[in-house]
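J.: Can you read through this structure? Questions will come right after.
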Amino acid sequence: MPAAASSTAASALEIVESEVRELVRRRSLDPARDLADVRGVVLEVLADYAERCADGLLPALGDAAAVERAVLDAVAGLGPLQRYLDDPEVEEVWINEPGKVFVARGGRSELTTTILTAEEVAELVERMLKSSGRRVDLSSPFVDAVLDDGSRLHVVIPDVTRRHWAVNIRKFVVRASRLDDLVALGTLSAPCAAFLDAAVAAGLNVIVSGGTQAGKTTLLNCLAAAVPPRQRVVSCEEVFELKIPLRDVVALQCRQPSLEGTGEIPLRRLVKEALRMRPDRIIVGEVRQEESLDLLIALNSGLPGMASVHANSAREAITKLCTLPLLAGQNVGARFVVPTVAASVDLVVHTALDAEGRRRVREVVAVPGRVEGDVVEVTDVFTTVDGALVRAGGFPPHEERFARAGHDVHALLAADGT
């Protein structure tokens with residue numbers, strides 16, 4: 001497009017956007033809630049603009065459909081970022097600096113042509129945080145929040161970052177809600193899915209491990225869907241990400257401190273409070289610190305549960321669970337934690353991204369409950385061989401729980417044909 005034509009189109013867009021904003025203000029519309037009315041205002045302004053443009057009083061409008069979309073995104077959406085949030089193939093959007101906006105598709109990152117200003121970045125973050133009640137400023141340079149569409153927002157500002165605001169929007173792309181969906185996507189094998197479905201129904205305690213963007217939250221959601229429908233589930237998260245498809249669910253999330261530094265609710269507090277809410281199951285979105293001790297104590301008391309943890313393998317996840325509780329205080333030692341992990345955790349399901357960016361369950365490890373020295377013994381139930389998830393030979397603990405739930409664990413694990 002020639003420079004003069006591009007300048008004319010930009011000028012027309014600015015005029016339309018300005019008039020739309022003025023009408024939205026006059027009519028007391030909330031762009032976040034009154035999207036249909038705002039769209040009507042955009043169409044109204046565009047029709048009026050076209051009439052005036054025909055008289056030669058205003059610059060040419062150009063592609064009316066493109067202008068409509070751009071103005072609607074600017075007024076009721078997240079401006080230049082909205083098209084990425086609307087794109088079902090985009091999994092994550094992040095801004096390293098105003099001139100560097102990246103997206104991830106299929107597990108691979110790519111630099112976009114979108115260029116913002118520092119003021120636009122700050123305005124977009126303020127708009128995203130508006131509905132969450134959270135803030136980011138010099139006293140609180142980090143923020144985690146959930147957008148209206150369920151995407152997770154993370155922002156870090158200077159002087160924690162060197163110069164520019166760092167913004168991450170992780171979309172919750174729902175491609176699977178049950179274990180069968182993961183089988184269809186190629187994330188795990190049908191025999192493994194049947195086994196995990198039975199393990200959850202039997203009340204085994206399951207840990208999901210993996211790296212960033214490995215699909216831990218989606219896998220945890222699918223496992224939670226296997227919980228018997230009459231049971232009550234209480235979930236605890238930093239911010240709401242889990243979408244558990246059951247009827248009796250209470251979801252809890254952490255809270256940041258106020259400007260006075262009071263009112264903070266950490267994940268550890270949520271785990272403790274969850275135990276007072278008559279749960280049949282407890283699910284912790286991700287354990288990172290001392291809340292792992294409270295989770296282990298809950299699981300060791302006979303309350304079935306699930307959680308996720310960052311780790312490079314199932315065995316490293318067990319090691320991490322033996323270490324994180326030590327952060328709870330000097331009176332907590334390995335002599336207590338290690339046998340508690342062995343007695344509390346039944347299965348670890350490890351997921352990872354493969355070379356093509358696809359999410360795959362790499363292994364399922366059982367914890368028989370034995371400790372040798374300071375090492376928790378484990379056995380492989382499923383493992384990856386030549387890129388395929390296959391039966392490994394190990395068996396899970398608590399065969400009697402499978403029987404009570406109506407499952408023959410030996411028949412389930414023989415279904416792989418090995």
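Ordering of the structure tokens sets the chain letters (A, B, ...); residue numbers start at 1 within each chain; ligands are numbered from 1 in the order shown.
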Write out as number ranges by chain which residues come within 7 Å of region 162-175 of chain A when counting only C-alpha atoms, dropping same-chain ones fewer than 5 positions away.
T.: A: 91-97, 150-157
J.: What would the file look like if the residues just selected were written as a CSV table (one decimal), in the first residue's frame with all heavy atoms?
T.:
chain,number,residue,atom,x,y,z
A,91,GLU,N,-1.6,-20.6,21.0
A,91,GLU,CA,-1.6,-21.1,22.4
A,91,GLU,C,-1.2,-20.1,23.4
A,91,GLU,O,-1.6,-20.1,24.6
A,91,GLU,CB,-0.7,-22.3,22.5
A,91,GLU,CG,-1.1,-23.4,21.6
A,91,GLU,CD,0.0,-24.5,21.4
A,91,GLU,OE1,1.1,-24.2,21.9
A,91,GLU,OE2,-0.3,-25.5,20.8
A,92,GLU,N,-0.3,-19.2,23.1
A,92,GLU,CA,0.2,-18.2,24.0
A,92,GLU,C,0.7,-16.9,23.3
A,92,GLU,O,1.1,-17.0,22.1
A,92,GLU,CB,1.4,-18.8,24.8
A,92,GLU,CG,1.9,-17.9,26.0
A,92,GLU,CD,2.7,-18.7,27.0
A,92,GLU,OE1,2.9,-19.9,26.8
A,92,GLU,OE2,3.2,-18.1,27.9
A,93,VAL,N,0.6,-15.8,23.9
A,93,VAL,CA,1.0,-14.5,23.4
A,93,VAL,C,1.9,-13.9,24.4
A,93,VAL,O,1.6,-13.9,25.6
A,93,VAL,CB,-0.2,-13.6,23.1
A,93,VAL,CG1,0.3,-12.3,22.4
A,93,VAL,CG2,-1.2,-14.2,22.2
A,94,TRP,N,3.1,-13.4,24.0
A,94,TRP,CA,3.9,-12.7,25.0
A,94,TRP,C,4.6,-11.5,24.3
A,94,TRP,O,4.9,-11.4,23.1
A,94,TRP,CB,4.9,-13.6,25.6
A,94,TRP,CG,5.9,-14.3,24.8
A,94,TRP,CD1,7.2,-13.8,24.5
A,94,TRP,CD2,5.8,-15.5,24.0
A,94,TRP,NE1,7.9,-14.7,23.7
A,94,TRP,CE2,7.0,-15.7,23.4
A,94,TRP,CE3,4.7,-16.4,23.9
A,94,TRP,CZ2,7.2,-16.9,22.6
A,94,TRP,CZ3,5.0,-17.5,23.1
A,94,TRP,CH2,6.2,-17.7,22.5
A,95,ILE,N,4.9,-10.5,25.2
A,95,ILE,CA,5.5,-9.2,24.8
A,95,ILE,C,6.8,-9.1,25.6
A,95,ILE,O,6.8,-9.0,26.8
A,95,ILE,CB,4.6,-8.0,25.0
A,95,ILE,CG1,3.2,-8.2,24.4
A,95,ILE,CG2,5.3,-6.7,24.6
A,95,ILE,CD1,2.2,-7.2,24.8
A,96,ASN,N,7.9,-9.1,24.8
A,96,ASN,CA,9.2,-8.9,25.5
A,96,ASN,C,9.6,-7.4,25.6
A,96,ASN,O,10.2,-6.9,26.5
A,96,ASN,CB,10.3,-9.6,24.7
A,96,ASN,CG,10.2,-11.1,24.8
A,96,ASN,OD1,9.5,-11.6,25.7
A,96,ASN,ND2,11.0,-11.8,24.0
A,97,GLU,N,9.1,-6.7,24.6
A,97,GLU,CA,9.2,-5.2,24.5
A,97,GLU,C,8.2,-4.8,23.5
A,97,GLU,O,7.7,-5.6,22.7
A,97,GLU,CB,10.7,-4.8,24.1
A,97,GLU,CG,11.2,-5.3,22.8
A,97,GLU,CD,12.6,-4.9,22.6
A,97,GLU,OE1,13.5,-5.5,23.2
A,97,GLU,OE2,12.8,-4.0,21.7
A,150,GLY,N,-10.8,-16.9,30.3
A,150,GLY,CA,-10.1,-18.0,30.9
A,150,GLY,C,-8.6,-18.0,30.7
A,150,GLY,O,-7.9,-18.8,31.3
A,151,SER,N,-8.0,-17.1,29.8
A,151,SER,CA,-6.6,-17.1,29.6
A,151,SER,C,-5.9,-16.6,30.9
A,151,SER,O,-6.5,-15.8,31.6
A,151,SER,CB,-6.3,-16.1,28.4
A,151,SER,OG,-6.9,-16.6,27.3
A,152,ARG,N,-4.7,-17.0,31.1
A,152,ARG,CA,-3.9,-16.6,32.2
A,152,ARG,C,-2.9,-15.5,31.9
A,152,ARG,O,-2.1,-15.6,30.9
A,152,ARG,CB,-3.1,-17.8,32.8
A,152,ARG,CG,-2.3,-17.5,34.0
A,152,ARG,CD,-1.8,-18.7,34.7
A,152,ARG,NE,-0.9,-18.3,35.9
A,152,ARG,CZ,-0.5,-19.2,36.7
A,152,ARG,NH1,-0.7,-20.5,36.6
A,152,ARG,NH2,0.3,-18.8,37.8
A,153,LEU,N,-2.9,-14.5,32.7
A,153,LEU,CA,-2.0,-13.3,32.4
A,153,LEU,C,-1.0,-13.2,33.5
A,153,LEU,O,-1.2,-13.4,34.7
A,153,LEU,CB,-2.9,-12.0,32.5
A,153,LEU,CG,-2.1,-10.7,32.5
A,153,LEU,CD1,-1.5,-10.5,31.1
A,153,LEU,CD2,-3.0,-9.5,32.8
A,154,HIS,N,0.3,-13.0,33.0
A,154,HIS,CA,1.4,-12.8,33.9
A,154,HIS,C,2.2,-11.6,33.4
A,154,HIS,O,2.5,-11.5,32.3
A,154,HIS,CB,2.3,-14.0,34.0
A,154,HIS,CG,3.5,-13.8,34.9
A,154,HIS,ND1,3.3,-13.9,36.3
A,154,HIS,CD2,4.8,-13.6,34.7
A,154,HIS,CE1,4.5,-13.7,36.9
A,154,HIS,NE2,5.4,-13.5,35.9
A,155,VAL,N,2.4,-10.6,34.3
A,155,VAL,CA,3.1,-9.4,34.0
A,155,VAL,C,4.2,-9.1,35.0
A,155,VAL,O,4.1,-9.3,36.2
A,155,VAL,CB,2.1,-8.2,34.0
A,155,VAL,CG1,2.8,-6.9,33.6
A,155,VAL,CG2,0.9,-8.4,33.1
A,156,VAL,N,5.4,-8.7,34.4
A,156,VAL,CA,6.5,-8.2,35.3
A,156,VAL,C,6.9,-6.9,34.7
A,156,VAL,O,7.0,-6.7,33.5
A,156,VAL,CB,7.7,-9.2,35.2
A,156,VAL,CG1,8.7,-8.8,36.2
A,156,VAL,CG2,7.2,-10.6,35.4
A,157,ILE,N,7.2,-5.9,35.6
A,157,ILE,CA,7.5,-4.6,35.2
A,157,ILE,C,8.9,-4.2,35.7
A,157,ILE,O,9.4,-4.8,36.7
A,157,ILE,CB,6.5,-3.5,35.7
A,157,ILE,CG1,6.5,-3.4,37.2
A,157,ILE,CG2,5.1,-3.9,35.1
A,157,ILE,CD1,5.6,-2.3,37.7
J.: Need to verify the contact set: Ala47 (chain A), 12 Å, only C-alpha atoms, exclusion of same-chain residues closer than 4 positions in sequence. Can you return it as a short mmCIF file (atom, residue, chain, number, x, y, z; two decimals) with N, CA and C atoms, in the first residue's frame?
T.:
data_model
loop_
_atom_site.label_atom_id
_atom_site.label_comp_id
_atom_site.auth_asym_id
_atom_site.auth_seq_id
_atom_site.Cartn_x
_atom_site.Cartn_y
_atom_site.Cartn_z
N VAL A 16 -13.00 7.17 13.07
CA VAL A 16 -14.09 6.25 13.42
C VAL A 16 -13.95 5.79 14.87
N VAL A 20 -16.67 6.39 17.86
CA VAL A 20 -17.26 5.25 18.56
C VAL A 20 -17.06 5.38 20.06
N GLY A 40 -23.09 -2.53 17.53
CA GLY A 40 -24.11 -1.71 16.86
C GLY A 40 -23.66 -0.28 16.70
N VAL A 41 -22.99 0.26 17.71
CA VAL A 41 -22.47 1.62 17.62
C VAL A 41 -21.42 1.72 16.51
N VAL A 42 -20.54 0.71 16.41
CA VAL A 42 -19.51 0.72 15.37
C VAL A 42 -20.15 0.75 13.99
N LEU A 43 -21.17 -0.09 13.77
CA LEU A 43 -21.85 -0.13 12.47
C LEU A 43 -22.56 1.19 12.18
N GLU A 51 -21.43 8.03 4.49
CA GLU A 51 -22.22 9.10 3.88
C GLU A 51 -21.40 10.38 3.78
N ARG A 52 -20.71 10.73 4.85
CA ARG A 52 -19.89 11.95 4.84
C ARG A 52 -18.71 11.81 3.90
N CYS A 53 -18.16 10.60 3.83
CA CYS A 53 -17.02 10.36 2.96
C CYS A 53 -17.42 10.53 1.50
N ALA A 54 -18.69 10.16 1.16
CA ALA A 54 -19.16 10.30 -0.22
C ALA A 54 -19.23 11.75 -0.65
N LEU A 61 -12.39 5.54 3.51
CA LEU A 61 -12.41 4.56 4.59
C LEU A 61 -11.59 3.31 4.27
N ALA A 64 -13.99 -1.53 4.77
CA ALA A 64 -14.91 -1.25 5.88
C ALA A 64 -14.92 -2.40 6.88
N ALA A 65 -14.85 -3.65 6.40
CA ALA A 65 -14.87 -4.80 7.30
C ALA A 65 -13.64 -4.81 8.19
N VAL A 67 -11.87 -2.18 9.05
CA VAL A 67 -12.00 -1.06 10.00
C VAL A 67 -12.95 -1.43 11.12
N GLU A 68 -14.05 -2.09 10.76
CA GLU A 68 -15.00 -2.53 11.79
C GLU A 68 -14.32 -3.42 12.82
#
J.: Which polymer residues have any atom within 8 Å of an atom of region 73-75 of chain A, counting only C-alpha atoms, with same-chain residues fewer than 6 positions away left out, as a ChimeraX atom specification?
T.: /A:17,20-21,31,82
J.: Please produce a file of the residues just selected, as an mmCIF file, in the first residue's frame, where the atoms kept are N, CA, C and O atoms.
T.:
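Below you can see again_37.cif, which holds the result:
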data_model
loop_
_atom_site.group_PDB
_atom_site.id
_atom_site.type_symbol
_atom_site.label_atom_id
_atom_site.label_comp_id
_atom_site.auth_asym_id
_atom_site.auth_seq_id
_atom_site.Cartn_x
_atom_site.Cartn_y
_atom_site.Cartn_z
ATOM 1 N N GLU A 17 -12.754 5.425 15.268
ATOM 2 C CA GLU A 17 -12.553 4.963 16.645
ATOM 3 C C GLU A 17 -12.899 6.041 17.647
ATOM 4 O O GLU A 17 -13.543 5.776 18.673
ATOM 5 N N VAL A 20 -16.671 6.389 17.856
ATOM 6 C CA VAL A 20 -17.263 5.246 18.556
ATOM 7 C C VAL A 20 -17.065 5.382 20.058
ATOM 8 O O VAL A 20 -17.998 5.166 20.844
ATOM 9 N N ARG A 21 -15.866 5.723 20.471
ATOM 10 C CA ARG A 21 -15.594 5.881 21.908
ATOM 11 C C ARG A 21 -16.492 6.954 22.522
ATOM 12 O O ARG A 21 -16.981 6.799 23.653
ATOM 13 N N PRO A 31 -17.992 -1.754 27.445
ATOM 14 C CA PRO A 31 -17.534 -2.582 26.317
ATOM 15 C C PRO A 31 -17.359 -4.049 26.668
ATOM 16 O O PRO A 31 -17.538 -4.915 25.812
ATOM 17 N N GLN A 82 -5.949 -8.761 20.073
ATOM 18 C CA GLN A 82 -7.209 -9.499 20.072
ATOM 19 C C GLN A 82 -7.256 -10.575 18.991
ATOM 20 O O GLN A 82 -7.791 -11.659 19.201
#
J.: List the spatial neighbours of Val365 (chain A) as a list in words - criterion: any atom at most 6 Å away, only C-alpha atoms, same-chain residues fewer than 4 positions off excluded.
T.: Leu347, Val348, Thr379, Asp380 and Val381 of chain A
J.: For CA of Ile15 (chain A) and CA of Asp63 (chain A), determine how far apart the two atoms are, in Å to one decimal place.
T.: 14.6 Å
